[in-house]
$ cat run12.txt   # compact mmCIF, C-alpha atoms
# COMPACT_ATOMS: atom_id res chain seq x y z
CA MET R 1 -4.28 40.22 15.14
CA VAL R 2 -5.94 37.59 12.94
CA ILE R 3 -8.53 40.10 11.67
CA SER R 4 -5.78 42.51 10.65
CA ILE R 5 -3.82 39.81 8.79
CA LEU R 6 -6.89 38.46 7.02
CA GLY R 7 -7.84 42.01 6.04
CA LYS R 8 -4.46 42.41 4.33
CA ALA R 9 -4.87 39.06 2.60
CA LEU R 10 -8.34 39.98 1.31
CA HIS R 11 -6.88 43.18 -0.13
CA GLU R 12 -4.16 40.96 -1.64
CA GLU R 13 -1.40 42.81 0.15
CA PRO R 14 1.80 40.78 0.75
CA LEU R 15 1.92 39.08 4.14
CA SER R 16 5.13 39.07 6.14
CA ARG R 17 6.78 35.84 7.18
CA ARG R 18 5.72 36.55 10.76
CA GLU R 19 2.10 36.93 9.68
CA VAL R 20 2.12 33.68 7.69
CA LEU R 21 3.62 31.86 10.68
CA TYR R 22 0.88 33.31 12.88
CA LEU R 23 -1.85 31.98 10.58
CA LEU R 24 -0.24 28.54 10.32
CA GLY R 25 -0.16 28.34 14.11
CA LEU R 26 -3.81 29.21 14.73
CA LYS R 27 -5.47 27.04 17.39
CA GLN R 28 -8.69 28.84 18.34
CA ALA R 29 -11.78 27.54 16.52
CA ASP R 30 -13.24 31.01 15.95
CA GLU R 31 -10.01 32.29 14.40
CA ILE R 32 -9.68 29.23 12.18
CA LYS R 33 -13.26 29.73 11.02
CA LYS R 34 -12.40 33.33 10.04
CA LEU R 35 -9.36 32.01 8.14
CA PHE R 36 -11.53 29.54 6.19
CA ILE R 37 -14.12 32.23 5.37
CA ALA R 38 -11.37 34.50 4.02
CA ALA R 39 -9.99 31.62 1.92
CA GLN R 40 -13.44 30.90 0.49
CA SER R 41 -13.87 34.58 -0.34
CA LEU R 42 -10.64 34.68 -2.35
CA ARG R 43 -11.53 31.46 -4.16
CA GLN R 44 -14.90 32.99 -5.06
CA ARG R 45 -13.17 36.12 -6.35
CA TYR R 46 -11.11 34.22 -8.91
CA PHE R 47 -13.07 31.03 -9.57
CA GLY R 48 -16.66 31.71 -8.54
CA ASP R 49 -18.44 28.51 -7.47
CA SER R 50 -16.58 26.32 -9.96
CA ILE R 51 -14.50 23.33 -8.91
CA PHE R 52 -12.15 21.44 -11.23
CA LEU R 53 -11.95 17.62 -11.20
CA TYR R 54 -8.91 15.44 -11.88
CA GLY R 55 -8.92 11.79 -12.88
CA PHE R 56 -6.06 9.74 -11.42
CA LEU R 57 -4.37 6.93 -13.36
CA TYR R 58 -1.62 5.10 -11.46
CA LEU R 59 0.17 3.25 -14.27
CA SER R 60 2.77 1.34 -12.28
CA THR R 61 3.35 0.78 -8.57
CA TRP R 62 6.90 -0.47 -9.12
CA CYS R 63 9.51 2.03 -7.97
CA ARG R 64 13.30 2.04 -7.68
CA ASN R 65 13.21 4.52 -4.77
CA ASN R 66 12.98 3.59 -1.11
CA CYS R 67 11.18 6.59 0.37
CA ALA R 68 10.59 6.22 4.10
CA PHE R 69 6.94 7.35 3.91
CA CYS R 70 5.70 5.58 0.77
CA SER R 71 3.91 2.24 0.57
CA TYR R 72 5.41 1.62 -2.88
CA ARG R 73 9.02 1.93 -1.68
CA SER R 74 11.20 -0.64 -3.42
CA SER R 75 11.76 -2.80 -0.33
CA ASN R 76 8.13 -3.02 0.83
CA ARG R 77 6.74 -6.57 0.60
CA PHE R 78 3.24 -5.62 1.79
CA CYS R 79 2.02 -3.40 -1.03
CA ARG R 80 0.15 -4.31 -4.20
CA ARG R 81 2.39 -4.26 -7.28
CA TYR R 82 1.18 -3.96 -10.85
CA ARG R 83 2.19 -2.49 -14.17
CA LYS R 84 -0.69 -1.66 -16.51
CA THR R 85 -0.49 -2.27 -20.26
CA ASP R 86 -0.93 0.53 -22.78
CA ARG R 87 -4.32 -0.83 -23.72
CA GLN R 88 -5.48 -0.90 -20.09
CA VAL R 89 -4.29 2.65 -19.49
CA ILE R 90 -5.81 4.06 -22.67
CA GLU R 91 -9.17 2.39 -21.98
CA ALA R 92 -9.13 3.70 -18.41
CA ALA R 93 -8.25 7.18 -19.67
CA ILE R 94 -11.14 7.18 -22.15
CA ASP R 95 -13.56 5.99 -19.45
CA MET R 96 -12.28 8.68 -17.11
CA ALA R 97 -12.65 11.37 -19.77
CA ASP R 98 -16.22 10.21 -20.46
CA SER R 99 -17.02 10.52 -16.74
CA GLY R 100 -16.56 14.29 -16.89
CA VAL R 101 -13.12 15.10 -15.43
CA HIS R 102 -11.14 18.13 -16.59
CA LEU R 103 -7.66 16.59 -16.49
CA LEU R 104 -5.99 13.17 -16.57
CA ASP R 105 -3.22 12.76 -13.99
CA LEU R 106 -0.83 10.04 -15.23
CA THR R 107 1.29 8.85 -12.32
CA MET R 108 3.74 6.06 -11.52
CA GLY R 109 6.72 5.22 -9.37
CA GLU R 110 10.20 5.50 -10.85
CA ASP R 111 9.81 2.10 -12.47
CA LEU R 112 13.12 0.47 -13.43
CA LEU R 113 11.50 -0.81 -16.63
CA TYR R 114 11.68 2.77 -17.89
CA TYR R 115 14.41 4.39 -15.83
CA GLU R 116 17.27 1.97 -16.49
CA LYS R 117 16.77 1.05 -20.13
CA GLU R 118 18.15 2.87 -23.16
CA ASP R 119 15.25 4.75 -24.73
CA GLY R 120 13.20 3.37 -21.84
CA PHE R 121 10.88 6.37 -21.77
CA GLU R 122 9.79 6.09 -25.39
CA PRO R 123 6.78 3.85 -24.54
CA LEU R 124 5.62 6.35 -21.89
CA LEU R 125 5.96 9.31 -24.24
CA TYR R 126 3.98 7.41 -26.85
CA LEU R 127 1.33 6.63 -24.24
CA VAL R 128 0.98 10.29 -23.22
CA LYS R 129 0.66 11.35 -26.86
CA GLU R 130 -1.93 8.64 -27.60
CA ILE R 131 -4.05 9.47 -24.56
CA LYS R 132 -3.93 13.13 -25.56
CA ARG R 133 -5.04 12.22 -29.07
CA GLN R 134 -7.90 9.99 -27.97
CA THR R 135 -9.29 12.12 -25.13
CA SER R 136 -8.27 15.71 -26.02
CA LEU R 137 -8.06 16.41 -22.28
CA PRO R 138 -5.26 18.29 -20.53
CA ILE R 139 -2.69 15.88 -19.09
CA MET R 140 -0.53 16.01 -16.00
CA VAL R 141 2.52 13.75 -15.91
CA SER R 142 3.98 12.59 -12.59
CA PHE R 143 6.62 10.02 -13.49
CA GLY R 144 9.27 11.11 -11.00
CA ALA R 145 12.49 13.09 -11.52
CA LEU R 146 12.68 12.66 -15.28
CA PRO R 147 15.93 13.21 -17.22
CA ASP R 148 16.12 16.62 -18.86
CA GLN R 149 15.89 15.21 -22.38
CA VAL R 150 12.73 13.35 -21.44
CA LEU R 151 11.25 16.59 -20.11
CA ASP R 152 11.99 18.15 -23.50
CA ASN R 153 10.17 15.28 -25.20
CA LEU R 154 7.33 15.40 -22.70
CA PHE R 155 6.51 18.97 -23.67
CA GLU R 156 6.42 17.89 -27.31
CA THR R 157 3.78 15.20 -26.56
CA GLY R 158 1.26 17.92 -25.74
CA ALA R 159 1.17 17.36 -21.98
CA GLU R 160 0.29 20.53 -20.07
CA TRP R 161 1.52 19.72 -16.55
CA TYR R 162 4.54 18.27 -14.78
CA ALA R 163 4.31 17.23 -11.11
CA CYS R 164 7.31 16.13 -9.08
CA TYR R 165 6.71 16.67 -5.38
CA GLN R 166 9.59 17.71 -3.16
CA GLU R 167 7.49 16.93 -0.01
CA THR R 168 9.62 19.38 2.00
CA HIS R 169 12.10 22.15 1.24
CA ASN R 170 14.10 21.45 4.38
CA GLU R 171 17.01 19.58 2.80
CA LYS R 172 17.84 17.61 5.94
CA LEU R 173 14.24 16.42 6.32
CA PHE R 174 14.09 15.67 2.58
CA HIS R 175 16.93 13.18 2.95
CA GLN R 176 15.17 11.51 5.87
CA LEU R 177 12.05 11.07 3.73
CA ARG R 178 13.48 10.47 0.27
CA LEU R 179 16.37 8.20 1.06
CA ASN R 180 19.43 8.40 -1.20
CA GLN R 181 17.87 10.97 -3.53
CA ASN R 182 19.36 14.26 -4.69
CA TYR R 183 17.52 17.27 -3.29
CA SER R 184 18.88 19.82 -5.77
CA ASP R 185 18.40 17.56 -8.78
CA ARG R 186 14.76 16.90 -7.93
CA LEU R 187 14.09 20.58 -7.30
CA SER R 188 15.76 21.58 -10.56
CA LYS R 189 13.35 19.42 -12.56
CA LYS R 190 10.51 21.82 -11.78
CA TYR R 191 12.51 24.81 -12.96
CA LYS R 192 13.56 22.98 -16.11
CA ALA R 193 9.96 21.98 -16.89
CA ALA R 194 8.77 25.56 -16.34
CA GLU R 195 11.41 26.87 -18.76
CA LEU R 196 10.05 24.47 -21.37
CA GLY R 197 6.55 25.84 -20.95
CA LEU R 198 5.00 23.13 -18.79
CA LEU R 199 2.75 24.13 -15.90
CA ILE R 200 4.09 23.01 -12.52
CA GLU R 201 2.48 21.35 -9.55
CA GLU R 202 4.58 21.30 -6.40
CA GLY R 203 3.58 19.65 -3.15
CA ILE R 204 4.45 19.24 0.51
CA LEU R 205 3.75 16.45 2.96
CA SER R 206 2.54 17.63 6.36
CA GLY R 207 3.00 15.88 9.67
CA VAL R 208 6.40 14.31 8.95
CA GLY R 209 8.46 16.30 11.41
CA GLU R 210 8.44 19.68 9.69
CA SER R 211 8.25 22.94 11.62
CA LEU R 212 6.04 25.91 10.77
CA ASP R 213 9.18 27.64 9.51
CA ASP R 214 9.76 24.71 7.17
CA ILE R 215 6.26 25.16 5.75
CA VAL R 216 6.91 28.85 5.13
CA ASP R 217 10.21 27.96 3.43
CA SER R 218 8.26 25.62 1.15
CA ILE R 219 5.72 28.34 0.37
CA GLU R 220 8.50 30.75 -0.52
CA GLU R 221 10.15 28.17 -2.79
CA MET R 222 6.84 27.49 -4.55
CA GLN R 223 6.37 31.24 -5.07
CA LYS R 224 9.88 31.49 -6.44
CA MET R 225 9.40 28.68 -8.98
CA GLY R 226 6.04 30.09 -10.06
CA ALA R 227 4.08 26.94 -9.26
CA HIS R 228 0.62 26.91 -10.81
CA GLN R 229 -0.87 24.25 -8.56
CA ILE R 230 0.13 23.95 -4.91
CA ARG R 231 -0.66 20.80 -2.98
CA VAL R 232 -0.49 19.77 0.66
CA MET R 233 -1.37 16.32 1.95
CA ASN R 234 -1.29 14.98 5.48
CA PHE R 235 0.99 12.02 6.09
CA ILE R 236 -0.71 8.61 6.39
CA PRO R 237 1.42 5.81 7.96
CA GLN R 238 2.03 2.88 5.59
CA GLN R 239 2.58 -0.76 6.51
CA GLY R 240 6.05 -2.03 5.69
CA THR R 241 7.78 1.36 5.86
CA PRO R 242 10.15 2.86 8.45
CA MET R 243 7.40 5.36 9.29
CA GLN R 244 4.59 2.85 9.80
CA ASP R 245 4.39 3.73 13.51
CA PHE R 246 4.96 7.45 13.02
CA PRO R 247 1.91 9.29 14.46
CA PRO R 248 -0.26 10.93 11.78
CA PRO R 249 -0.96 14.64 12.15
CA PRO R 250 -4.38 16.02 13.09
CA LYS R 251 -6.68 16.60 10.11
CA LEU R 252 -6.81 20.29 10.98
CA ARG R 253 -3.13 20.73 10.09
CA GLU R 254 -3.78 20.03 6.42
CA LEU R 255 -6.87 22.24 6.39
CA VAL R 256 -5.11 25.26 7.88
CA ILE R 257 -2.28 24.93 5.36
CA ILE R 258 -4.79 24.72 2.48
CA ALA R 259 -6.45 27.92 3.69
CA VAL R 260 -3.14 29.76 4.07
CA LEU R 261 -2.11 28.64 0.59
CA ARG R 262 -5.34 30.10 -0.79
CA LEU R 263 -4.55 33.45 0.83
CA LEU R 264 -1.05 33.47 -0.64
CA PHE R 265 -1.94 31.99 -4.05
CA PRO R 266 -5.47 33.34 -4.58
CA ASN R 267 -5.59 32.76 -8.34
CA LYS R 268 -3.85 29.36 -8.43
CA LEU R 269 -5.12 25.80 -8.14
CA ILE R 270 -5.13 24.14 -4.72
CA PRO R 271 -6.25 20.50 -4.57
CA ALA R 272 -8.51 18.68 -2.18
CA SER R 273 -7.12 15.18 -2.53
CA LEU R 274 -9.39 12.20 -1.95
CA ASP R 275 -6.26 10.13 -1.38
CA VAL R 276 -5.89 11.06 2.29
CA TYR R 277 -9.30 10.80 3.99
CA GLY R 278 -11.46 9.83 1.02
CA ILE R 279 -14.92 11.23 0.49
CA ASP R 280 -15.33 11.99 4.22
CA GLY R 281 -12.56 14.58 4.10
CA LEU R 282 -13.68 16.38 0.96
CA ARG R 283 -16.17 18.82 2.47
CA ASP R 284 -13.67 20.23 4.97
CA LYS R 285 -10.99 20.75 2.31
CA LEU R 286 -13.36 22.62 0.05
CA GLU R 287 -14.47 24.78 2.96
CA ALA R 288 -10.79 25.55 3.60
CA GLY R 289 -10.48 27.05 0.11
CA ALA R 290 -9.46 24.21 -2.22
CA ASN R 291 -10.76 24.46 -5.78
CA VAL R 292 -9.68 21.15 -7.34
CA VAL R 293 -10.82 17.64 -6.41
CA THR R 294 -8.02 15.19 -7.19
CA SER R 295 -7.48 11.43 -7.09
CA LEU R 296 -10.76 10.46 -8.74
CA ILE R 297 -10.46 6.75 -9.61
CA LEU R 298 -12.98 4.63 -11.49
CA PRO R 299 -13.62 1.22 -9.85
CA GLN R 300 -13.44 -0.65 -13.16
CA SER R 301 -9.91 0.62 -13.83
CA GLU R 302 -8.60 -1.55 -10.98
CA MET R 303 -5.96 1.08 -10.30
CA ALA R 304 -4.74 2.13 -6.88
CA GLY R 305 -4.35 5.36 -4.99
CA VAL R 306 -1.22 6.31 -3.09
CA ALA R 307 -1.65 7.33 0.56
CA GLN R 308 -4.94 5.40 0.72
CA SER R 309 -4.57 2.87 -2.07
CA THR R 310 -8.10 1.43 -1.90
CA LEU R 311 -10.18 3.87 0.18
CA ASP R 312 -13.65 4.55 -1.34
CA ILE R 313 -12.64 3.27 -4.79
CA ARG R 314 -14.66 0.05 -5.03
CA GLU R 315 -17.74 1.84 -3.68
CA GLY R 316 -17.55 4.41 -6.48
CA TYR R 317 -17.25 7.40 -4.15
CA ARG R 318 -14.05 8.64 -5.80
CA THR R 319 -15.84 9.44 -9.06
CA VAL R 320 -17.48 12.51 -10.53
CA LYS R 321 -20.87 11.02 -9.72
CA GLY R 322 -19.73 10.29 -6.17
CA ILE R 323 -18.51 13.79 -5.33
CA VAL R 324 -21.02 16.03 -7.11
CA PRO R 325 -23.60 15.74 -4.28
CA ILE R 326 -21.04 17.21 -1.88
CA LEU R 327 -20.32 20.06 -4.26
CA ASN R 328 -24.04 20.77 -4.46
CA GLU R 329 -24.42 20.73 -0.67
CA LEU R 330 -21.75 23.42 -0.42
CA GLY R 331 -23.24 25.56 -3.18
CA LEU R 332 -20.38 24.67 -5.51
CA THR R 333 -20.53 23.37 -9.07
CA GLN R 334 -18.53 21.20 -11.42
CA ALA R 335 -16.65 23.61 -13.70
CA GLY R 336 -16.98 23.45 -17.45
CA LEU R 337 -14.08 21.97 -19.42
CA ASP R 338 -13.82 25.20 -21.41
CA ASP R 339 -13.28 27.10 -18.15
CA TYR R 340 -10.38 24.83 -17.21
CA ILE R 341 -8.75 25.03 -20.62
CA SER R 342 -9.15 28.82 -20.56
CA TRP R 343 -7.45 28.98 -17.15
CA ILE R 344 -4.53 26.92 -18.50
CA GLU R 345 -4.13 29.17 -21.54
CA ASN R 346 -4.18 32.29 -19.39
CA GLU R 347 -1.49 30.83 -17.11
CA LYS R 348 0.71 30.01 -20.09
CA LYS R 349 0.33 33.53 -21.49
CA SER R 350 1.16 34.97 -18.08
CA ASP R 351 4.30 32.81 -17.91
CA ILE R 352 5.40 33.92 -21.37
CA ASN R 353 4.93 37.58 -20.50
CA ALA R 354 6.81 37.14 -17.21
CA TYR R 355 9.67 35.40 -19.02
CA ARG R 356 9.89 38.18 -21.63
CA PHE R 357 9.92 40.78 -18.86
CA LYS R 358 12.72 38.91 -17.09
CA GLU R 359 14.74 38.82 -20.33
CA ARG R 360 14.33 42.59 -20.78
CA VAL R 361 15.45 43.23 -17.20
CA LEU R 362 18.52 41.04 -17.64
CA LEU R 363 19.43 42.89 -20.84

$ encode --input "run12.txt" --output "structure tokens"
Amino acid sequence: MVISILGKALHEEPLSRREVLYLLGLKQADEIKKLFIAAQSLRQRYFGDSIFLYGFLYLSTWCRNNCAFCSYRSSNRFCRRYRKTDRQVIEAAIDMADSGVHLLDLTMGEDLLYYEKEDGFEPLLYLVKEIKRQTSLPIMVSFGALPDQVLDNLFETGAEWYACYQETHNEKLFHQLRLNQNYSDRLSKKYKAAELGLLIEEGILSGVGESLDDIVDSIEEMQKMGAHQIRVMNFIPQQGTPMQDFPPPPKLRELVIIAVLRLLFPNKLIPASLDVYGIDGLRDKLEAGANVVTSLILPQSEMAGVAQSTLDIREGYRTVKGIVPILNELGLTQAGLDDYISWIENEKKSDINAYRFKERVLL
């Protein structure tokens, strides 16, 4: 059965829900290998040997939320807290740009300094605009569930991407993970950002009690919203959280989901995050069909990761220089910046055409 399903995927024929569930549930090593080979083939079709690289800048680890899975939850006394100054962030962004990344991912918790002050987001909007001016790189903003007016202003800064991970599209599980947060409000932020013309990254967390049906529901929601980058990350238990003793999932779970995502989103971006297993996990994720390496962090920035806040950072492994040897071993190459910018522009044109078509249909 797996050969038949993969044959359909390689011909880019729609897979049924039953077929996607079958692939997600694969256990036999030989079948999983066939899945990975098919995913690599589709990546090659759309992206060749090129891999995109994202620099990660965690601006503030203060957060008003109390998510059950996150080290930076508001009540956790065991995590490292900091709030970087504009000067520190801009210098880190310039250094990161000089290192050869294709995008700067600006991330923070829902810091009360910004979220509960009148005009509190103005400093962040200025920072995004200034980093854009000084680096000329595409920018992804992941500042949480931003107010709609701030999303409007964010588009005007020149940022290309908005990321606001739902983690799961099972509403009951969402409320167990993201305590006291509004499921519909958070989901609506992605649709609002897309209407404004921002590219969207959506993500799920695997190994937190979800079923295979839940994963398919998430895939269908990401297809519906037109997500341009689709992320999955395995859960890593964090000290000082309600889930610190929750058993982590097998590494293979994340890899199989990455491969299935590549089959279903052949021309989109699928990250291999260094924030879960560090440099040791990169090879497997690329072999599963990922085409973006994320969470690159320069040691001198003294910034943290998320799931693995310090893993491989001080050693310099989570840098362009640190990961290029692995790309070379796999016959892959660091993409050119022009290639990444061209991909972004093509996605935006595609979105505009799709929106115009939708308007004509509604009329």

$ closest_atom_pairs --input "run12.txt" --of "range 181-224 of chain R" --to "range 8-22 of chain R" --cutoff "10 Å" --atoms "only C-alpha atoms" --output "CSV"
residue,atom,partner,partner_atom,distance
R:Leu212,CA,R:Leu21,CA,6.4
R:Asp213,CA,R:Leu21,CA,7.1
R:Ile215,CA,R:Leu21,CA,8.7
R:Val216,CA,R:Leu21,CA,7.1
R:Asp217,CA,R:Arg17,CA,9.4
R:Ile219,CA,R:Val20,CA,9.7
R:Glu220,CA,R:Arg17,CA,9.4

$ atom_distance --input "run12.txt" --atom1 "CA of Thr61 in chain R" --atom2 "CA of Lys132 in chain R"
22.2 Å

$ residues_around --input "run12.txt" --residues "range 231-242 of chain R" --least-positions-apart "6" --cutoff "9 Å" --atoms "all atoms listed in the file" --output "ChimeraX atom specification"
/R:66-71,73,75-79,165,167,201-208,248-251,253-255,257-258,261,269-273,275-276,307-308

$ closest_residue --input "run12.txt" --among "R:Leu106, R:Ile200, R:Arg87, R:Gln223" --to "Leu264 in chain R" --atoms "only C-alpha atoms"
R:Gln223

$ axis_aligned_box --input "run12.txt" --around "range 316-321 of chain R" --padding-each-side "4 Å" --output "AutoDock Vina command-line options"
--center_x -17.5 --center_y 8.5 --center_z -7.3 --size_x 14.8 --size_y 16.1 --size_z 14.4

$ closest_residue --input "run12.txt" --among "R:Thr135, R:Asn328, R:Ser295, R:Ser211" --to "Ile279 in chain R" --atoms "all atoms listed in the file"
R:Ser295

$ residues_near_point --input "run12.txt" --point "(-16.9, 6.8, -8.5)" --cutoff "10 Å" --atoms "all atoms listed in the file" --output "ChimeraX atom specification"
/R:96,99,296-300,312-323

$ closest_residue --input "run12.txt" --among "R:Ser309, R:Ala145, R:Asp111, R:Ala38" --to "Ser188 in chain R" --atoms "all atoms listed in the file"
R:Ala145

$ atom_distance --input "run12.txt" --atom1 "CA of Ile3 in chain R" --atom2 "CA of Leu263 in chain R"
13.3 Å

$ residues_near_point --input "run12.txt" --point "(6.9, 10.6, -11.9)" --cutoff "6 Å" --atoms "only C-alpha atoms" --output "list in words"
Thr107, Met108, Gly109, Ser142, Phe143 and Gly144 of chain R

$ closest_residue --input "run12.txt" --among "R:Glu221, R:Phe56, R:Val2, R:Thr294" --to "Leu23 in chain R" --atoms "all atoms listed in the file"
R:Val2

$ closest_residue --input "run12.txt" --among "R:Leu6, R:Ala304, R:Leu198, R:Val292" --to "Leu103 in chain R" --atoms "all atoms listed in the file"
R:Val292

$ atom_distance --input "run12.txt" --atom1 "CA of Pro266 in chain R" --atom2 "CA of Arg45 in chain R"
8.4 Å

$ closest_residue --input "run12.txt" --among "R:Arg43, R:Lys34, R:Lys27, R:Arg64" --to "Arg178 in chain R" --atoms "only C-alpha atoms"
R:Arg64
